[in-house]
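Structure file query.cif; described as mmCIF, C-alpha atoms.
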data_entry
loop_
_atom_site.label_atom_id
_atom_site.label_comp_id
_atom_site.auth_asym_id
_atom_site.auth_seq_id
_atom_site.Cartn_x
_atom_site.Cartn_y
_atom_site.Cartn_z
CA MET O 14 -0.38 2.58 -19.94
CA TYR O 15 1.90 1.00 -17.35
CA LYS O 16 1.56 -2.79 -17.45
CA PRO O 17 4.32 -4.98 -16.04
CA LYS O 18 4.83 -8.54 -17.27
CA TRP O 19 3.27 -10.09 -14.16
CA VAL O 20 -0.11 -8.47 -14.88
CA ASP O 21 -2.37 -11.04 -16.48
CA GLU O 22 -6.10 -11.29 -17.20
CA ASP O 23 -6.92 -12.19 -13.59
CA ILE O 24 -4.93 -9.26 -12.18
CA THR O 25 -6.60 -6.94 -14.67
CA PHE O 26 -10.00 -8.21 -13.50
CA LEU O 27 -8.99 -7.53 -9.87
CA VAL O 28 -7.90 -4.00 -10.74
CA LYS O 29 -11.17 -3.34 -12.54
CA ALA O 30 -13.08 -4.72 -9.55
CA ILE O 31 -11.27 -2.31 -7.22
CA LEU O 32 -11.89 0.61 -9.56
CA SER O 33 -15.60 -0.24 -9.66
CA LEU O 34 -15.97 0.45 -5.93
CA GLU O 35 -17.64 3.76 -5.18
CA ASN O 36 -16.92 4.57 -1.54
CA GLU O 37 -15.00 3.58 1.59
CA GLU O 38 -17.69 1.20 2.80
CA GLU O 39 -17.64 -0.73 -0.47
CA VAL O 40 -13.84 -0.94 -0.36
CA VAL O 41 -13.91 -2.22 3.23
CA ARG O 42 -16.56 -4.80 2.33
CA PHE O 43 -14.55 -5.98 -0.68
CA LEU O 44 -11.31 -6.17 1.28
CA GLU O 45 -13.03 -8.15 4.01
CA ASP O 46 -14.29 -10.67 1.45
CA ILE O 47 -11.12 -11.01 -0.62
CA CYS O 48 -8.43 -10.85 2.09
CA THR O 49 -7.97 -12.15 5.59
CA ILE O 50 -8.02 -9.55 8.34
CA THR O 51 -4.30 -10.24 8.85
CA GLU O 52 -3.59 -9.53 5.17
CA ILE O 53 -5.54 -6.26 5.33
CA LYS O 54 -3.64 -5.20 8.45
CA GLU O 55 -0.31 -6.07 6.82
CA LEU O 56 -1.17 -3.97 3.77
CA SER O 57 -2.24 -1.04 5.93
CA GLN O 58 0.93 -1.34 8.01
CA ARG O 59 3.11 -1.22 4.88
CA LEU O 60 1.27 1.88 3.72
CA LYS O 61 1.75 3.48 7.14
CA VAL O 62 5.48 2.69 6.98
CA ALA O 63 5.64 4.22 3.47
CA LYS O 64 3.84 7.33 4.73
CA MET O 65 6.25 7.70 7.63
CA LEU O 66 9.27 7.23 5.34
CA PHE O 67 7.74 9.74 2.90
CA GLU O 68 7.49 12.19 5.82
CA GLY O 69 11.18 11.66 6.63
CA LYS O 70 10.77 9.58 9.80
CA SER O 71 13.70 7.43 10.90
CA TYR O 72 13.70 3.64 11.02
CA GLU O 73 13.78 3.86 14.82
CA GLU O 74 10.70 6.10 14.95
CA ILE O 75 8.85 3.82 12.55
CA GLU O 76 9.80 0.65 14.42
CA LYS O 77 8.74 2.18 17.73
CA GLU O 78 5.38 3.46 16.46
CA THR O 79 4.39 0.53 14.25
CA GLY O 80 6.25 -2.48 15.62
CA THR O 81 7.40 -3.20 12.07
CA SER O 82 10.76 -4.92 11.62
CA SER O 83 13.67 -3.06 10.11
CA ALA O 84 13.66 -5.62 7.26
CA THR O 85 10.08 -4.68 6.34
CA ILE O 86 10.84 -0.97 6.65
CA SER O 87 13.83 -1.45 4.36
CA ARG O 88 11.72 -3.36 1.83
CA VAL O 89 9.06 -0.64 1.81
CA LYS O 90 11.75 2.03 1.43
CA LYS O 91 13.19 0.16 -1.56
CA PHE O 92 9.80 0.20 -3.29
CA LEU O 93 9.18 3.81 -2.28
CA LEU O 94 12.47 4.85 -3.88
CA TYR O 95 12.87 2.40 -6.76
CA GLY O 96 9.47 0.80 -7.31
CA ALA O 97 6.70 1.59 -9.76
CA ASP O 98 5.78 4.84 -7.89
CA GLY O 99 2.50 3.42 -6.58
CA TYR O 100 3.27 4.52 -3.03
CA LYS O 101 4.28 8.00 -4.23
CA ILE O 102 1.10 8.45 -6.26
CA VAL O 103 -1.12 7.49 -3.33
CA LEU O 104 0.83 9.41 -0.68
CA GLU O 105 1.02 12.60 -2.74
CA ARG O 106 -2.72 12.47 -3.45
CA LEU O 107 -3.62 11.78 0.17
CA SER O 108 -1.36 14.56 1.44
CA LYS O 109 -3.28 17.06 -0.74
CA GLY O 110 -6.69 15.98 0.37
#
Let me see the file written as structure tokens.
Amino acid sequence: MYKPKWVDEDITFLVKAILSLENEEEVVRFLEDICTITEIKELSQRLKVAKMLFEGKSYEEIEKETGTSSATISRVKKFLLYGADGYKIVLERLSKG
């Protein structure tokens, strides 16, 4: 099982909490309680940037559509290419379904 050094008991509890959710409504409710609306929007924007990079979109296209800075796009690309493959797992699954 993949477990980086930064994952502690509290992070594990958070992961288990997320996995316990059964549908979109429950996830939205949980996100609303645990994050600010700004934090949720930032997470969704990063995922959108990852999706667009995954689809081969250019930085210019992504900046224009999302308003995201090139620094953020670059950071997301770094994780998409060299991270723990979390983006890839999610994006591949969502593209199939």
Which one of O:Glu55, O:Glu68, O:Glu45, O:Glu39 sits closest to O:Glu105 if you count only C-alpha atoms?
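Going through O:Glu55, O:Glu68, O:Glu45, O:Glu39 one by one, the smallest distance to O:Glu105 is for O:Glu68.
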Leaving out O:Tyr15 and any residue of its chain fewer than 4 positions from it, which residues lie within 12 Å of it when counting all atoms listed in the file, given as a ChimeraX atom specification?
/O:19-20,25,97-99
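In terms of minimum interatomic distance to O:Thr79, O:Val62 ranks closest within O:Val62, O:Val103, O:Leu93, O:Ile47, counting only C-alpha atoms.
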Evaluate the PyMOL selection byres ((chain O and resi 89) around 9) and record the selected residues as a list in words, following the chain and residue labels used in the document.
Arg59, Leu60, Val62, Ala63, Leu66, Ala84, Thr85, Ile86, Ser87, Arg88, Lys90, Lys91, Phe92, Leu93 and Leu94 of chain O
Would you mind telling me which residue in O:Tyr100, O:Ser33, O:Leu27, O:Ser83 lies nearest to O:Ser57 when using only C-alpha atoms?
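Using only C-alpha atoms, the shortest distance to O:Ser57 belongs to O:Tyr100.
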Can you list, as a list in words, every protein, DNA or RNA residue that comes within 12 Å of O:Gln58 when you count only C-alpha atoms, leaving out same-chain residues fewer than 6 positions away?
Thr51, Glu52, Lys64, Met65, Ile75, Glu76, Glu78, Thr79, Gly80, Thr81, Ser82, Thr85, Ile86 and Val89 of chain O
Save the residues we just selected, C-alpha atoms, as a PDB file, in the coordinates of the input?
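That gives us out-v5.pdb:
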ATOM      1  CA  THR O  51      -4.300 -10.240   8.850  1.00  0.00           C
ATOM      2  CA  GLU O  52      -3.590  -9.530   5.170  1.00  0.00           C
ATOM      3  CA  LYS O  64       3.840   7.330   4.730  1.00  0.00           C
ATOM      4  CA  MET O  65       6.250   7.700   7.630  1.00  0.00           C
ATOM      5  CA  ILE O  75       8.850   3.820  12.550  1.00  0.00           C
ATOM      6  CA  GLU O  76       9.800   0.650  14.420  1.00  0.00           C
ATOM      7  CA  GLU O  78       5.380   3.460  16.460  1.00  0.00           C
ATOM      8  CA  THR O  79       4.390   0.530  14.250  1.00  0.00           C
ATOM      9  CA  GLY O  80       6.250  -2.480  15.620  1.00  0.00           C
ATOM     10  CA  THR O  81       7.400  -3.200  12.070  1.00  0.00           C
ATOM     11  CA  SER O  82      10.760  -4.920  11.620  1.00  0.00           C
ATOM     12  CA  THR O  85      10.080  -4.680   6.340  1.00  0.00           C
ATOM     13  CA  ILE O  86      10.840  -0.970   6.650  1.00  0.00           C
ATOM     14  CA  VAL O  89       9.060  -0.640   1.810  1.00  0.00           C
TER      15      VAL O  89
END
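One finds atom CA of O:Leu56 at 18.7 Å from atom CA of O:Ser108.
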Would you mind completing stretch 68-100 of chain O so that it carries N, CA and C atoms, and writing it out as a JSON list (two decimals), in the frame of the given file?
[["chain", "number", "residue", "atom", "x", "y", "z"],
["O", 68, "GLU", "N", 7.45, 11.01, 4.95],
["O", 68, "GLU", "CA", 7.49, 12.19, 5.82],
["O", 68, "GLU", "C", 8.87, 12.41, 6.44],
["O", 69, "GLY", "N", 9.82, 11.50, 6.14],
["O", 69, "GLY", "CA", 11.18, 11.66, 6.63],
["O", 69, "GLY", "C", 11.45, 11.07, 8.00],
["O", 70, "LYS", "N", 10.58, 10.21, 8.49],
["O", 70, "LYS", "CA", 10.77, 9.58, 9.80],
["O", 70, "LYS", "C", 11.92, 8.57, 9.72],
["O", 71, "SER", "N", 12.58, 8.38, 10.84],
["O", 71, "SER", "CA", 13.70, 7.43, 10.90],
["O", 71, "SER", "C", 13.18, 6.01, 11.10],
["O", 72, "TYR", "N", 14.05, 5.04, 10.80],
["O", 72, "TYR", "CA", 13.70, 3.64, 11.02],
["O", 72, "TYR", "C", 13.30, 3.42, 12.48],
["O", 73, "GLU", "N", 14.05, 4.03, 13.39],
["O", 73, "GLU", "CA", 13.78, 3.86, 14.82],
["O", 73, "GLU", "C", 12.39, 4.37, 15.19],
["O", 74, "GLU", "N", 12.03, 5.54, 14.68],
["O", 74, "GLU", "CA", 10.70, 6.10, 14.95],
["O", 74, "GLU", "C", 9.61, 5.18, 14.40],
["O", 75, "ILE", "N", 9.84, 4.68, 13.20],
["O", 75, "ILE", "CA", 8.85, 3.82, 12.55],
["O", 75, "ILE", "C", 8.70, 2.50, 13.30],
["O", 76, "GLU", "N", 9.84, 1.90, 13.66],
["O", 76, "GLU", "CA", 9.80, 0.65, 14.42],
["O", 76, "GLU", "C", 9.06, 0.83, 15.74],
["O", 77, "LYS", "N", 9.36, 1.92, 16.42],
["O", 77, "LYS", "CA", 8.74, 2.18, 17.73],
["O", 77, "LYS", "C", 7.24, 2.37, 17.60],
["O", 78, "GLU", "N", 6.80, 3.15, 16.61],
["O", 78, "GLU", "CA", 5.38, 3.46, 16.46],
["O", 78, "GLU", "C", 4.57, 2.30, 15.89],
["O", 79, "THR", "N", 5.16, 1.55, 14.96],
["O", 79, "THR", "CA", 4.39, 0.53, 14.25],
["O", 79, "THR", "C", 4.68, -0.90, 14.68],
["O", 80, "GLY", "N", 5.85, -1.12, 15.29],
["O", 80, "GLY", "CA", 6.25, -2.48, 15.62],
["O", 80, "GLY", "C", 6.75, -3.25, 14.41],
["O", 81, "THR", "N", 6.93, -2.57, 13.31],
["O", 81, "THR", "CA", 7.40, -3.20, 12.07],
["O", 81, "THR", "C", 8.90, -3.47, 12.16],
["O", 82, "SER", "N", 9.33, -4.59, 11.61],
["O", 82, "SER", "CA", 10.76, -4.92, 11.62],
["O", 82, "SER", "C", 11.54, -4.01, 10.69],
["O", 83, "SER", "N", 12.83, -3.88, 10.98],
["O", 83, "SER", "CA", 13.67, -3.06, 10.11],
["O", 83, "SER", "C", 13.75, -3.65, 8.71],
["O", 84, "ALA", "N", 13.64, -4.98, 8.58],
["O", 84, "ALA", "CA", 13.66, -5.62, 7.26],
["O", 84, "ALA", "C", 12.45, -5.18, 6.43],
["O", 85, "THR", "N", 11.28, -5.12, 7.05],
["O", 85, "THR", "CA", 10.08, -4.68, 6.34],
["O", 85, "THR", "C", 10.18, -3.20, 5.99],
["O", 86, "ILE", "N", 10.67, -2.41, 6.92],
["O", 86, "ILE", "CA", 10.84, -0.97, 6.65],
["O", 86, "ILE", "C", 11.78, -0.78, 5.47],
["O", 87, "SER", "N", 12.87, -1.53, 5.46],
["O", 87, "SER", "CA", 13.83, -1.45, 4.36],
["O", 87, "SER", "C", 13.20, -1.84, 3.03],
["O", 88, "ARG", "N", 12.40, -2.90, 3.05],
["O", 88, "ARG", "CA", 11.72, -3.36, 1.83],
["O", 88, "ARG", "C", 10.76, -2.28, 1.31],
["O", 89, "VAL", "N", 10.00, -1.70, 2.21],
["O", 89, "VAL", "CA", 9.06, -0.64, 1.81],
["O", 89, "VAL", "C", 9.84, 0.55, 1.25],
["O", 90, "LYS", "N", 10.94, 0.91, 1.91],
["O", 90, "LYS", "CA", 11.75, 2.03, 1.43],
["O", 90, "LYS", "C", 12.27, 1.77, 0.02],
["O", 91, "LYS", "N", 12.69, 0.53, -0.23],
["O", 91, "LYS", "CA", 13.19, 0.16, -1.56],
["O", 91, "LYS", "C", 12.12, 0.43, -2.61],
["O", 92, "PHE", "N", 10.88, -0.01, -2.32],
["O", 92, "PHE", "CA", 9.80, 0.20, -3.29],
["O", 92, "PHE", "C", 9.42, 1.67, -3.38],
["O", 93, "LEU", "N", 9.49, 2.38, -2.28],
["O", 93, "LEU", "CA", 9.18, 3.81, -2.28],
["O", 93, "LEU", "C", 10.18, 4.57, -3.17],
["O", 94, "LEU", "N", 11.44, 4.16, -3.11],
["O", 94, "LEU", "CA", 12.47, 4.85, -3.88],
["O", 94, "LEU", "C", 12.63, 4.33, -5.30],
["O", 95, "TYR", "N", 12.52, 3.00, -5.48],
["O", 95, "TYR", "CA", 12.87, 2.40, -6.76],
["O", 95, "TYR", "C", 11.76, 1.58, -7.40],
["O", 96, "GLY", "N", 10.57, 1.60, -6.80],
["O", 96, "GLY", "CA", 9.47, 0.80, -7.31],
["O", 96, "GLY", "C", 8.74, 1.48, -8.46],
["O", 97, "ALA", "N", 7.51, 1.11, -8.65],
["O", 97, "ALA", "CA", 6.70, 1.59, -9.76],
["O", 97, "ALA", "C", 5.99, 2.91, -9.45],
["O", 98, "ASP", "N", 6.34, 3.54, -8.33],
["O", 98, "ASP", "CA", 5.78, 4.84, -7.89],
["O", 98, "ASP", "C", 4.35, 4.76, -7.39],
["O", 99, "GLY", "N", 3.85, 3.56, -7.12],
["O", 99, "GLY", "CA", 2.50, 3.42, -6.58],
["O", 99, "GLY", "C", 2.35, 4.09, -5.23],
["O", 100, "TYR", "N", 3.32, 3.86, -4.34],
["O", 100, "TYR", "CA", 3.27, 4.52, -3.03],
["O", 100, "TYR", "C", 3.27, 6.04, -3.20]]
